[in-house]
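Peer 1: Got a file for you: run-v9.txt, compact mmCIF, C-alpha atoms and all ligand atoms.
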```txt
# COMPACT_ATOMS: atom_id res chain seq x y z
CA MET U 17 -9.33 -7.76 -148.66
CA THR U 18 -7.04 -10.48 -147.35
CA GLU U 19 -6.07 -13.54 -149.31
CA SER U 20 -4.34 -16.83 -148.86
CA PHE U 21 -3.22 -19.37 -151.39
CA THR U 22 -2.69 -23.07 -151.61
CA VAL U 23 -0.78 -23.97 -154.73
CA LYS U 24 -0.43 -27.60 -155.67
CA LYS U 25 1.94 -28.48 -158.45
CA ASN U 26 1.15 -31.56 -160.47
CA GLU U 27 4.05 -33.96 -159.96
CA GLN U 28 3.68 -35.17 -163.51
CA ILE U 29 4.09 -31.91 -165.39
CA PRO U 30 5.33 -33.06 -168.76
CA GLU U 31 8.81 -31.98 -169.83
CA ASP U 32 7.55 -30.33 -172.96
CA VAL U 33 5.42 -27.84 -171.05
CA HIS U 34 7.57 -25.10 -169.63
CA ARG U 35 7.64 -24.94 -165.86
CA ILE U 36 6.39 -21.86 -164.10
CA THR U 37 7.16 -20.91 -160.51
CA ASP U 38 4.41 -20.70 -157.90
CA GLU U 39 4.91 -16.92 -157.67
CA LYS U 40 4.40 -16.63 -161.39
CA ILE U 41 1.25 -18.73 -161.37
CA ILE U 42 -0.20 -16.62 -158.56
CA ALA U 43 0.64 -13.49 -160.52
CA TYR U 44 -1.06 -14.96 -163.60
CA ILE U 45 -4.16 -15.80 -161.61
CA ASP U 46 -4.22 -12.31 -160.11
CA GLU U 47 -4.05 -10.92 -163.60
CA ILE U 48 -6.92 -13.08 -164.78
CA LEU U 49 -9.11 -12.35 -161.77
CA ARG U 50 -8.45 -8.63 -162.08
CA GLU U 51 -9.17 -8.32 -165.75
CA PRO U 52 -9.70 -11.51 -167.73
CA LYS U 53 -9.03 -10.55 -171.34
CA PHE U 54 -8.83 -13.81 -173.23
CA PHE U 55 -11.98 -15.85 -172.80
CA VAL U 56 -11.81 -19.51 -173.79
CA GLY U 57 -15.15 -20.97 -172.77
CA LYS U 58 -17.77 -21.30 -170.08
CA GLY U 59 -20.10 -23.93 -168.63
CA ASN U 60 -22.67 -23.91 -165.83
CA ILE U 61 -20.03 -23.98 -163.13
CA ALA U 62 -16.81 -22.52 -164.42
CA GLU U 63 -15.23 -19.97 -166.71
CA VAL U 64 -12.05 -20.69 -168.64
CA TYR U 65 -9.50 -18.02 -169.64
CA LYS U 66 -6.03 -17.87 -171.13
CA LEU U 67 -3.27 -15.33 -170.61
CA ASP U 68 -2.74 -14.03 -174.09
CA SER U 69 -3.40 -14.97 -177.65
CA ASN U 70 -0.54 -17.44 -178.06
CA THR U 71 -0.29 -19.15 -174.70
CA SER U 72 -0.61 -22.92 -174.33
CA ILE U 73 -2.06 -22.78 -170.83
CA CYS U 74 -5.60 -22.03 -169.70
CA PHE U 75 -7.21 -21.48 -166.31
CA LYS U 76 -10.54 -22.93 -165.21
CA LEU U 77 -11.97 -20.69 -162.50
CA ILE U 78 -14.66 -21.69 -160.05
CA ASP U 79 -15.78 -18.82 -157.88
CA GLU U 80 -17.97 -19.96 -155.00
CA GLY U 81 -19.17 -16.41 -154.63
CA LYS U 82 -20.82 -16.76 -158.01
CA ASN U 83 -22.27 -20.21 -157.53
CA GLY U 84 -24.03 -21.47 -154.42
CA THR U 85 -23.95 -25.14 -155.43
CA ILE U 86 -20.23 -24.91 -155.81
CA ALA U 87 -19.87 -23.28 -152.44
CA LEU U 88 -21.37 -26.40 -150.91
CA ALA U 89 -19.16 -28.64 -153.00
CA LEU U 90 -16.00 -26.82 -151.99
CA ARG U 91 -16.90 -27.24 -148.36
CA GLY U 92 -17.42 -30.94 -148.98
CA GLU U 93 -21.17 -30.65 -148.38
CA ASN U 94 -22.20 -31.57 -151.89
CA PRO U 95 -20.81 -34.94 -152.93
CA TYR U 96 -21.72 -34.43 -156.59
CA PHE U 97 -19.13 -31.86 -157.54
CA ASN U 98 -15.45 -32.55 -157.38
CA SER U 99 -13.04 -30.08 -155.90
CA ILE U 100 -10.58 -28.72 -158.44
CA SER U 101 -7.76 -30.93 -157.13
CA VAL U 102 -9.91 -34.06 -157.45
CA GLU U 103 -10.71 -33.00 -161.01
CA ALA U 104 -6.97 -32.59 -161.66
CA ASN U 105 -6.35 -36.11 -160.30
CA PHE U 106 -8.78 -37.57 -162.83
CA LEU U 107 -6.96 -35.72 -165.62
CA THR U 108 -3.63 -37.11 -164.38
CA ASP U 109 -5.00 -40.66 -164.25
CA LEU U 110 -6.31 -40.39 -167.80
CA GLN U 111 -3.16 -39.10 -169.52
CA ASN U 112 -2.05 -42.29 -171.23
CA VAL U 113 -5.22 -44.32 -171.52
CA ASP U 114 -5.64 -44.03 -175.26
CA SER U 115 -3.69 -42.96 -178.30
CA LYS U 116 -6.60 -41.36 -180.12
CA VAL U 117 -8.48 -39.49 -177.40
CA ARG U 118 -6.84 -37.16 -174.92
CA VAL U 119 -7.82 -35.14 -171.88
CA PRO U 120 -6.04 -31.86 -170.99
CA ARG U 121 -2.80 -32.14 -169.02
CA PRO U 122 -3.27 -30.62 -165.57
CA LEU U 123 -0.47 -28.30 -164.43
CA TYR U 124 -1.42 -26.67 -161.16
CA THR U 125 -4.37 -26.28 -158.86
CA VAL U 126 -4.73 -23.18 -156.78
CA GLU U 127 -7.25 -22.52 -154.05
CA ARG U 128 -7.45 -18.90 -153.19
CA GLU U 129 -9.30 -17.72 -150.13
CA VAL U 130 -10.74 -14.27 -150.63
CA GLU U 131 -12.31 -12.20 -147.89
CA ARG U 132 -14.83 -9.88 -149.43
CA SER U 133 -16.04 -7.05 -147.26
CA GLY U 134 -19.23 -7.85 -145.34
CA GLN U 135 -19.28 -11.45 -146.52
CA GLU U 136 -17.99 -14.81 -145.43
CA THR U 137 -14.66 -15.92 -146.83
CA ALA U 138 -15.11 -17.17 -150.38
CA ILE U 139 -12.91 -19.64 -152.20
CA VAL U 140 -11.85 -19.24 -155.79
CA SER U 141 -10.49 -22.48 -157.19
CA VAL U 142 -8.29 -22.51 -160.23
CA LEU U 143 -7.12 -25.38 -162.39
CA ALA U 144 -4.25 -24.43 -164.66
CA MET U 145 -4.12 -26.88 -167.54
CA GLU U 146 -3.07 -27.39 -171.11
CA LEU U 147 -5.09 -25.25 -173.51
CA LEU U 148 -6.36 -27.78 -176.03
CA PRO U 149 -5.93 -26.85 -179.70
CA ALA U 150 -9.62 -27.61 -180.16
CA VAL U 151 -13.18 -26.29 -180.33
CA SER U 152 -16.08 -27.65 -178.28
CA ILE U 153 -18.89 -29.39 -180.11
CA ARG U 154 -21.30 -27.04 -178.30
CA ASP U 155 -19.59 -24.01 -179.87
CA VAL U 156 -19.71 -25.67 -183.31
CA LEU U 157 -23.43 -26.46 -182.97
CA ASP U 158 -24.11 -22.90 -181.83
CA GLU U 159 -22.08 -21.59 -184.77
CA MET U 160 -19.64 -19.89 -182.43
CA ALA U 161 -16.78 -21.93 -183.90
CA GLU U 162 -16.02 -23.50 -187.28
CA LEU U 163 -16.28 -27.25 -187.70
CA PRO U 164 -12.66 -28.40 -188.30
CA ASP U 165 -12.05 -29.56 -191.91
CA LYS U 166 -10.72 -32.98 -191.00
CA PHE U 167 -13.63 -33.96 -188.79
CA ASP U 168 -14.96 -37.45 -189.58
CA ARG U 169 -18.09 -38.28 -187.63
CA SER U 170 -17.93 -42.05 -187.56
CA SER U 171 -14.25 -42.45 -186.66
CA PHE U 172 -14.52 -39.59 -184.15
CA PHE U 173 -17.37 -41.24 -182.21
CA LEU U 174 -15.92 -44.74 -182.55
CA SER U 175 -12.69 -43.50 -180.93
CA LEU U 176 -14.67 -41.86 -178.15
CA HIS U 177 -16.68 -45.02 -177.57
CA LYS U 178 -13.45 -47.02 -177.14
CA PHE U 179 -12.02 -44.35 -174.88
CA PHE U 180 -15.01 -44.50 -172.53
CA GLU U 181 -14.75 -48.31 -172.46
CA LYS U 182 -11.10 -48.06 -171.39
CA MET U 183 -11.94 -45.37 -168.86
CA HIS U 184 -14.65 -47.54 -167.32
CA GLU U 185 -12.20 -50.46 -167.14
CA LYS U 186 -10.09 -48.20 -164.94
CA GLY U 187 -13.19 -47.59 -162.81
CA ILE U 188 -13.65 -43.97 -163.92
CA TYR U 189 -17.06 -42.66 -165.00
CA HIS U 190 -17.45 -39.14 -166.44
CA ARG U 191 -21.22 -38.70 -165.80
CA ASP U 192 -21.56 -35.37 -167.63
CA VAL U 193 -21.06 -36.24 -171.29
CA HIS U 194 -22.60 -33.48 -173.41
CA ALA U 195 -21.61 -31.33 -176.40
CA GLY U 196 -19.84 -28.79 -174.17
CA ASN U 197 -17.54 -31.44 -172.73
CA ILE U 198 -16.31 -32.98 -175.99
CA MET U 199 -13.89 -31.06 -178.18
CA ILE U 200 -12.64 -31.43 -181.76
CA GLY U 201 -9.00 -30.77 -182.69
CA THR U 202 -8.82 -27.72 -184.94
CA LYS U 203 -6.08 -29.10 -187.21
CA GLY U 204 -6.62 -32.85 -187.20
CA GLY U 205 -10.27 -33.26 -186.17
CA GLU U 206 -9.31 -35.58 -183.27
CA PRO U 207 -11.50 -36.00 -180.14
CA TYR U 208 -10.84 -34.64 -176.64
CA VAL U 209 -12.83 -35.16 -173.45
CA ILE U 210 -12.85 -32.40 -170.82
CA ASP U 211 -14.50 -31.47 -167.53
CA PHE U 212 -14.20 -34.19 -164.89
CA GLY U 213 -16.15 -32.04 -162.43
CA THR U 214 -18.72 -34.78 -161.70
CA ALA U 215 -16.60 -37.86 -162.48
CA VAL U 216 -16.29 -40.72 -159.98
CA TYR U 217 -14.25 -43.79 -159.27
CA SER U 218 -16.86 -46.51 -159.11
CA ASN U 219 -17.89 -49.93 -160.24
CA ALA U 220 -20.36 -50.28 -163.09
CA GLU U 221 -23.34 -50.96 -160.88
CA ASP U 222 -23.68 -47.74 -158.98
CA ALA U 223 -21.60 -45.40 -161.09
CA TYR U 224 -24.57 -43.33 -162.21
CA GLN U 225 -26.33 -43.18 -158.90
CA GLY U 226 -25.78 -40.79 -156.07
CA SER U 227 -27.69 -40.43 -152.84
CA ARG U 228 -27.64 -37.50 -150.55
CA ARG U 229 -29.89 -36.80 -147.57
CA GLY U 230 -32.09 -39.73 -148.52
CA ALA U 231 -32.67 -38.47 -152.07
CA THR U 232 -31.30 -40.37 -155.05
CA THR U 233 -29.85 -38.64 -158.08
CA ARG U 234 -29.28 -40.32 -161.40
CA PHE U 235 -26.49 -39.17 -163.67
CA ARG U 236 -26.48 -39.59 -167.41
CA ASN U 237 -24.84 -42.78 -168.62
CA ASP U 238 -21.63 -41.92 -170.50
CA PHE U 239 -22.63 -43.93 -173.60
CA ASN U 240 -26.12 -42.39 -173.68
CA GLY U 241 -24.53 -38.96 -173.46
CA LEU U 242 -22.23 -39.85 -176.33
CA GLU U 243 -25.16 -41.07 -178.43
CA ILE U 244 -27.03 -37.82 -177.86
CA VAL U 245 -23.99 -35.77 -178.90
CA GLU U 246 -23.55 -37.90 -182.03
CA ARG U 247 -27.19 -37.37 -182.95
CA GLU U 248 -26.83 -33.61 -182.49
CA VAL U 249 -23.75 -33.63 -184.72
CA SER U 250 -25.54 -35.70 -187.39
CA GLN U 251 -28.41 -33.21 -187.46
CA PHE U 252 -25.93 -30.36 -187.72
CA LEU U 253 -24.12 -32.04 -190.64
CA THR U 254 -27.42 -32.68 -192.45
CA LYS U 255 -28.31 -29.01 -192.03
CA LEU U 256 -24.87 -27.97 -193.36
CA ASN U 257 -25.32 -30.04 -196.51
CA LYS U 258 -28.68 -28.57 -197.38
N1 LIG Q 301 -8.35 -27.43 -171.53
C1 LIG Q 301 -9.18 -26.73 -172.30
N2 LIG Q 301 -8.77 -26.30 -173.51
C2 LIG Q 301 -9.59 -25.56 -174.31
N3 LIG Q 301 -10.85 -25.22 -173.97
C3 LIG Q 301 -11.32 -25.61 -172.78
C4 LIG Q 301 -10.52 -26.39 -171.88
N4 LIG Q 301 -11.27 -26.63 -170.77
C5 LIG Q 301 -12.46 -26.04 -170.96
N5 LIG Q 301 -12.52 -25.42 -172.16
C6 LIG Q 301 -13.67 -24.64 -172.70
O1 LIG Q 301 -14.37 -24.06 -171.60
C7 LIG Q 301 -15.72 -24.54 -171.52
C8 LIG Q 301 -16.13 -24.71 -170.05
O2 LIG Q 301 -15.24 -25.60 -169.38
P1 LIG Q 301 -15.82 -26.78 -168.47
O3 LIG Q 301 -16.66 -27.68 -169.30
O4 LIG Q 301 -14.67 -27.39 -167.75
O5 LIG Q 301 -16.76 -25.94 -167.45
P2 LIG Q 301 -18.01 -26.38 -166.55
O6 LIG Q 301 -18.62 -25.16 -166.03
O7 LIG Q 301 -17.53 -27.40 -165.56
O8 LIG Q 301 -19.01 -27.09 -167.57
P3 LIG Q 301 -20.44 -27.86 -167.27
O9 LIG Q 301 -21.51 -26.91 -167.66
O10 LIG Q 301 -20.34 -29.02 -168.22
O11 LIG Q 301 -20.42 -28.28 -165.84
C9 LIG Q 301 -15.71 -25.84 -172.33
O12 LIG Q 301 -16.98 -26.14 -172.87
C10 LIG Q 301 -14.68 -25.54 -173.42
O13 LIG Q 301 -15.27 -24.79 -174.46
MG MG Q 302 -18.41 -28.52 -169.04
```
Please go through the file and, once you have read it, give me the structure as structure tokens.

Peer 2:
Amino acid sequence: MTESFTVKKNEQIPEDVHRITDEKIIAYIDEILREPKFFVGKGNIAEVYKLDSNTSICFKLIDEGKNGTIALALRGENPYFNSISVEANFLTDLQNVDSKVRVPRPLYTVEREVERSGQETAIVSVLAMELLPAVSIRDVLDEMAELPDKFDRSSFFLSLHKFFEKMHEKGIYHRDVHAGNIMIGTKGGEPYVIDFGTAVYSNAEDAYQGSRRGATTRFRNDFNGLEIVEREVSQFLTKLNK
């Protein structure tokens, strides 16, 4: 097995997050790929892990060997999925948009080329980012995580609504708003938005439309997605109070 790495350090790593050398980050990623012990979460595309129980950094891994759609995306053949460095750029651009809603701070992106015997070279992409002190709404709905005490539905969703308005003013559209991509702060109940894997820079008119090989795809409108999540949360709260 031969490997090569491309490590890209985010130029805007905040002072309060300790800096790690490239060698260290590669060693961390090796460790996680060899035997991931601390699972954080998973979606359709990626798996997220942390290093140990008290770290403040997590790693989003996309393994093209495990996901054919992603393989196309990484080769630039599928315009609907962002490469990990494009995803990191969105996170950078959204750091100071709002005082009430945050996105994770990106730290590093690593693309690791892995030659597996008898197969084509596969790419494993890694985004090292701030581990949010939060639980996803999906995990709360599925009773995999506790609903934080300080959660207040109406202020939570009002803040999110304003955040998406500001984001759209910057020309950024998320396009994958669902319960797995919104998180609630464990201590303060504050909202977080994650996963800019299908986000675009666009104008309002064609933000939710994509066309590829003559076929048109429609993405979910960010506000519709938000409404659906709020409805799911309302139903969950009603059930809790019974
Ligand atoms: N920075 C973070 N801090 C804490 N938890 C996170 C963070 N990023 C992701 N997670 C957890 O990992 C899960 C999967 O991450 P993410 O949504 O980025 O993956 P995905 O495969 O792109 O998802 P999708 O199915 O929406 O495409 C999230 O639902 C969340 O529970
Ligand atoms: Mg997701």

Peer 1: How would you write as a PyMOL selection string the residues that get within 12 Å of (-8.2, -45.2, -177.1) in the file's frame, counting only C-alpha atoms?

Peer 2: chain U and resi 110-119+171-185+206-209

Peer 1: Set the cut-off to 6 Å, count all atoms listed in the file, and list whatever residues fall near ligand MG 302 (chain Q) as a tab-separated table (two decimals) with C-alpha atoms, keeping the file's coordinate frame.

Peer 2:
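Output (out_11.tsv):
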```tsv
chain	number	residue	atom	x	y	z
U	59	GLY	CA	-20.10	-23.93	-168.63
U	196	GLY	CA	-19.84	-28.79	-174.17
U	197	ASN	CA	-17.54	-31.44	-172.73
U	211	ASP	CA	-14.50	-31.47	-167.53
```

Peer 1: Under the rule that all atoms listed in the file are counted, which of U:Arg121, U:Arg236, U:Lys24, U:Lys53 is the nearest residue to ligand LIG 301 (chain Q)?

Peer 2: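 Smallest distance to ligand LIG 301 (chain Q) is found for U:Arg121.
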
Peer 1: So that each row is one residue of chain U with an atom at most 9 Å from ligand LIG 301 (chain Q), can you give its shortest atom pair and the distance in Å to one decimal, using only C-alpha atoms and all ligand atoms, rows by chain and rising number, as a Markdown table?

Peer 2:
```
| residue | atom | partner | partner_atom | distance |
| --- | --- | --- | --- | --- |
| U:Phe55 | CA | Q:LIG301 | O1 | 8.6 |
| U:Val56 | CA | Q:LIG301 | C6 | 5.6 |
| U:Gly57 | CA | Q:LIG301 | O1 | 3.4 |
| U:Lys58 | CA | Q:LIG301 | C8 | 3.8 |
| U:Gly59 | CA | Q:LIG301 | O6 | 3.2 |
| U:Asn60 | CA | Q:LIG301 | O9 | 3.7 |
| U:Ile61 | CA | Q:LIG301 | O6 | 3.4 |
| U:Ala62 | CA | Q:LIG301 | O6 | 3.6 |
| U:Glu63 | CA | Q:LIG301 | C8 | 5.9 |
| U:Val64 | CA | Q:LIG301 | O1 | 5.0 |
| U:Tyr65 | CA | Q:LIG301 | O1 | 8.0 |
| U:Ser72 | CA | Q:LIG301 | N2 | 8.9 |
| U:Ile73 | CA | Q:LIG301 | N1 | 7.9 |
| U:Cys74 | CA | Q:LIG301 | N1 | 6.3 |
| U:Phe75 | CA | Q:LIG301 | N4 | 7.9 |
| U:Lys76 | CA | Q:LIG301 | O4 | 6.6 |
| U:Leu77 | CA | Q:LIG301 | O5 | 8.7 |
| U:Ile78 | CA | Q:LIG301 | O6 | 8.0 |
| U:Val119 | CA | Q:LIG301 | N1 | 7.7 |
| U:Pro120 | CA | Q:LIG301 | N1 | 5.0 |
| U:Arg121 | CA | Q:LIG301 | N1 | 7.7 |
| U:Pro122 | CA | Q:LIG301 | N1 | 8.5 |
| U:Ala144 | CA | Q:LIG301 | N1 | 8.5 |
| U:Met145 | CA | Q:LIG301 | N1 | 5.8 |
| U:Glu146 | CA | Q:LIG301 | N1 | 5.3 |
| U:Leu147 | CA | Q:LIG301 | N2 | 3.8 |
| U:Leu148 | CA | Q:LIG301 | N2 | 3.8 |
| U:Pro149 | CA | Q:LIG301 | C2 | 6.6 |
| U:Ala150 | CA | Q:LIG301 | C2 | 6.2 |
| U:Val151 | CA | Q:LIG301 | O13 | 6.4 |
| U:Ser152 | CA | Q:LIG301 | O13 | 4.8 |
| U:Ile153 | CA | Q:LIG301 | O13 | 8.1 |
| U:Arg154 | CA | Q:LIG301 | O12 | 7.0 |
| U:Asp155 | CA | Q:LIG301 | O13 | 7.0 |
| U:Asp192 | CA | Q:LIG301 | O10 | 6.5 |
| U:Val193 | CA | Q:LIG301 | O10 | 7.9 |
| U:His194 | CA | Q:LIG301 | O10 | 7.2 |
| U:Ala195 | CA | Q:LIG301 | O12 | 7.8 |
| U:Gly196 | CA | Q:LIG301 | O12 | 4.1 |
| U:Asn197 | CA | Q:LIG301 | O3 | 5.2 |
| U:Ile198 | CA | Q:LIG301 | O12 | 7.5 |
| U:Met199 | CA | Q:LIG301 | C10 | 7.3 |
| U:Ile210 | CA | Q:LIG301 | N4 | 6.0 |
| U:Asp211 | CA | Q:LIG301 | O4 | 4.1 |
| U:Phe212 | CA | Q:LIG301 | O4 | 7.4 |
| U:Gly213 | CA | Q:LIG301 | O7 | 5.8 |
| U:Thr214 | CA | Q:LIG301 | O11 | 7.9 |
```

Peer 1: Pick from U:Ile41, U:Ala215, U:Leu67, U:Val140: nearest to U:Leu123, with all atoms listed in the file counted?

Peer 2: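 Ranking U:Ile41, U:Ala215, U:Leu67, U:Val140 by distance to U:Leu123, first place goes to U:Ile41.
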
Peer 1: Using only C-alpha atoms, pick whichever of U:Asp68, U:Asp109, U:Glu80, U:Asp38 has the shortest atom-to-atom distance to U:Lys186.

Peer 2: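 Among the listed residues, U:Asp109 lies closest to U:Lys186.
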
Peer 1: Using all atoms listed in the file, pick whichever of U:Ile45, U:Val156, U:Leu107, U:Val216 has the shortest atom-to-atom distance to U:Phe235.

Peer 2: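 Result for the nearest residue to U:Phe235: U:Val216.
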
Peer 1: Between atom CA of U:Thr108 and atom CA of U:Leu157, what is the distance, to one decimal in Å?

Peer 2: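 Atom CA of U:Thr108 sits 29.2 Å away from atom CA of U:Leu157.
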
Peer 1: How far is it from atom CA of U:Gly201 to atom CA of U:Glu159, in Å with one decimal?

Peer 2: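 It comes out at 16.1 Å.
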